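Beneath this line is the structure, given in structure tokens, with notes to follow.
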Amino acid sequence: MIPLLAVATVVAVTLMGLTFVLARRIDNFSVVDIAWSFNFTPLAAVYALLGSGVPFRRSVLFVVVALWSLRLSLHLARRIAALHPVEEGRYVELRRKWSPDVNGKFLRFFLFQGVLNVFLSFPLLQVALNTAPVPGVLETAGLLLFIVSLAGEALADAQLNAFKRRPRASGEVCQEGLWRYSRHPNYFFEWLVWCAFALMASSAPWGLLAWTCPALMLYFLLRVTGIPATEEQSLRSRGQAYRDYQSRTSAFVPWFPRGAPERSSA
């Protein structure tokens with residue numbers, strides 16, 4: 001397991017280093033989000049090719065991870081390309097906070113993201129090392145949860161994109177579809193994807209440790225780089241309209257809203 005993790009770390013950190021070079025060249029550090037999401041595809045490829053588990057399980061692992069990783073990275077690439085050369089608000093704020101050593105701190109940030117990729121890929125590694133017969137009950141349940149989660153995340157992204165394409169959408173808040181029941185349905189289903197990976201890994205010898213990854217992702221989403229940073233930017237750009245949305249709508253887990261949204265924001 002250790003040699004496999006070493007190979008994975010070299011791959012992930014190297015790709016993040018190259019992404020930093022690209023970010024400097026185009027002067028847009030937002031691309032780190034694309035690279036972070038994409039990095040799980042080569043990591044899954046490393047585990048599928050070099051893992052010692054059942055070949056069929058390793059093949060399914062690669063397909064599942066690639067479907068999720070490539071969809072998410074392409075979605076982020078389209079969003080970032082639409083804004084370029086303007087960076088997303090979170091990275092504009094980081095530039096301000098990290099001045100005057102912007103490049104040095106962003107380099108360390110990019111490389112740390114590669115290390116984080118490897119740490120969070122622990123459930124994938126456990127699936128690739130699992131020699132138990134397939135399919136198991138936990139893996140089947142994990143695969144079903146993955147399908148639901150991927151569909152939910154894609155639907156949330158599609159609904160938000162459709163809203164943003166409308167005339168006069170700027171300054172208003174999307175409260176349609178899944179966004180009526182959660183301020184961050186994309187984050188919620190993203191977290192369920194990680195729960196699905198952990199569930200698929202649970203039957204492996206070290207599989208129960210895989211649940212540390214969705215736990216860590218939940219912490220990041222709720223307390224660090226997910227909801228807090230996103231909502232700070234939304235409050236800066238949408239003001240009172242977003243405060244009203246916050247007062248009515250669940251932050252994470254989809255639930256029935258308190259009261260009705262404003263007609264102009266629907």
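Going through the structure tokens in order, the chains are called A, B, and so on, while each chain numbers its residues from 1 and the ligands are numbered from 1 in the order shown.
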
Excluding A:Val54 and its own-chain neighbours fewer than 5 positions away, which residues fall within 12 Å of it when counting only C-alpha atoms? Please give them as a PyMOL selection string.
chain A and resi 47-49+59-61+126-135+204

Now that the selection is made, can you save its residues with C-alpha atoms as a PDB file, in the first residue's frame?
```pdb
ATOM      1  CA  TYR A  47      -4.933   2.362  -8.287  1.00  0.00           C
ATOM      2  CA  ALA A  48      -6.756   0.422 -10.994  1.00  0.00           C
ATOM      3  CA  LEU A  49      -3.553  -0.419 -12.835  1.00  0.00           C
ATOM      4  CA  SER A  59     -12.174  -1.536 -13.472  1.00  0.00           C
ATOM      5  CA  VAL A  60     -15.506  -0.483 -11.984  1.00  0.00           C
ATOM      6  CA  LEU A  61     -13.655   1.805  -9.595  1.00  0.00           C
ATOM      7  CA  GLN A 126      -9.030   0.398  -0.396  1.00  0.00           C
ATOM      8  CA  VAL A 127     -11.412  -0.611  -3.172  1.00  0.00           C
ATOM      9  CA  ALA A 128      -8.451  -1.275  -5.482  1.00  0.00           C
ATOM     10  CA  LEU A 129      -6.746  -3.468  -2.851  1.00  0.00           C
ATOM     11  CA  ASN A 130      -9.850  -5.443  -1.886  1.00  0.00           C
ATOM     12  CA  THR A 131      -9.545  -9.157  -2.766  1.00  0.00           C
ATOM     13  CA  ALA A 132     -12.990 -10.164  -1.476  1.00  0.00           C
ATOM     14  CA  PRO A 133     -15.493 -11.685  -3.942  1.00  0.00           C
ATOM     15  CA  VAL A 134     -17.655  -9.235  -5.895  1.00  0.00           C
ATOM     16  CA  PRO A 135     -20.193  -7.812  -5.772  1.00  0.00           C
ATOM     17  CA  ALA A 204     -11.916  -3.950   2.585  1.00  0.00           C
TER      18      ALA A 204
END
```

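The shortest atom-to-atom distance to A:Arg57, with only C-alpha atoms taken into account, belongs to A:Met200 out of A:Val21, A:Leu208, A:Met200, A:Leu74.
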
Which distance in Å separates atom CA of A:Asn161 and atom CA of A:Met16, to one decimal?
27.3 Å

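The nearest approach to A:Pro42 among the residues A:Val118, A:Leu222, A:Leu72, A:Ile80, with only C-alpha atoms taken into account, belongs to A:Val118.
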
Stretch 237-246 of chain A surroundings by only C-alpha atoms, 8 Å radius, close-in-sequence under 4 positions cut, as a PyMOL selection string
chain A and resi 171-173+183+233+250-251+261

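If you count only C-alpha atoms and ignore residues fewer than 5 places along the chain from stretch 2-11 of chain A, what sits within 7 Å of it is Leu43, Val46, Val115 and Val118 of chain A.
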
With a distance cut-off of 12 Å and only C-alpha atoms, select the neighbouring residues of A:Trp191, excluding the residue or stretch itself and same-chain residues fewer than 2 positions from it, and output the selection as a VMD selection string.
chain A and resid 145 to 146 148 to 150 152 to 153 184 to 189 193 to 198 211 213 to 222 226 252 to 253

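With only C-alpha atoms as the atoms that count, the minimum distance from A:Ser182 to the choices A:Leu76, A:Leu120, A:Ser247, A:Leu18 is reached by A:Ser247.
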
In terms of the shortest atom-to-atom distance over only C-alpha atoms, which of A:Gly53, A:Ser37, A:Leu83, A:Val65 is closest to A:Pro205?
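Among the listed residues, A:Gly53 lies closest to A:Pro205.
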
Restricting the calculation to only C-alpha atoms: of A:Thr140, A:Asn103, A:Thr14, A:Thr225, which residue gets closest to A:Asn28?
A:Asn103

Could you work out how far atom CA of A:Ser30 lies from atom CA of A:Leu124, giving the answer in Å with one decimal?
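Distance between the two atoms: 26.0 Å.
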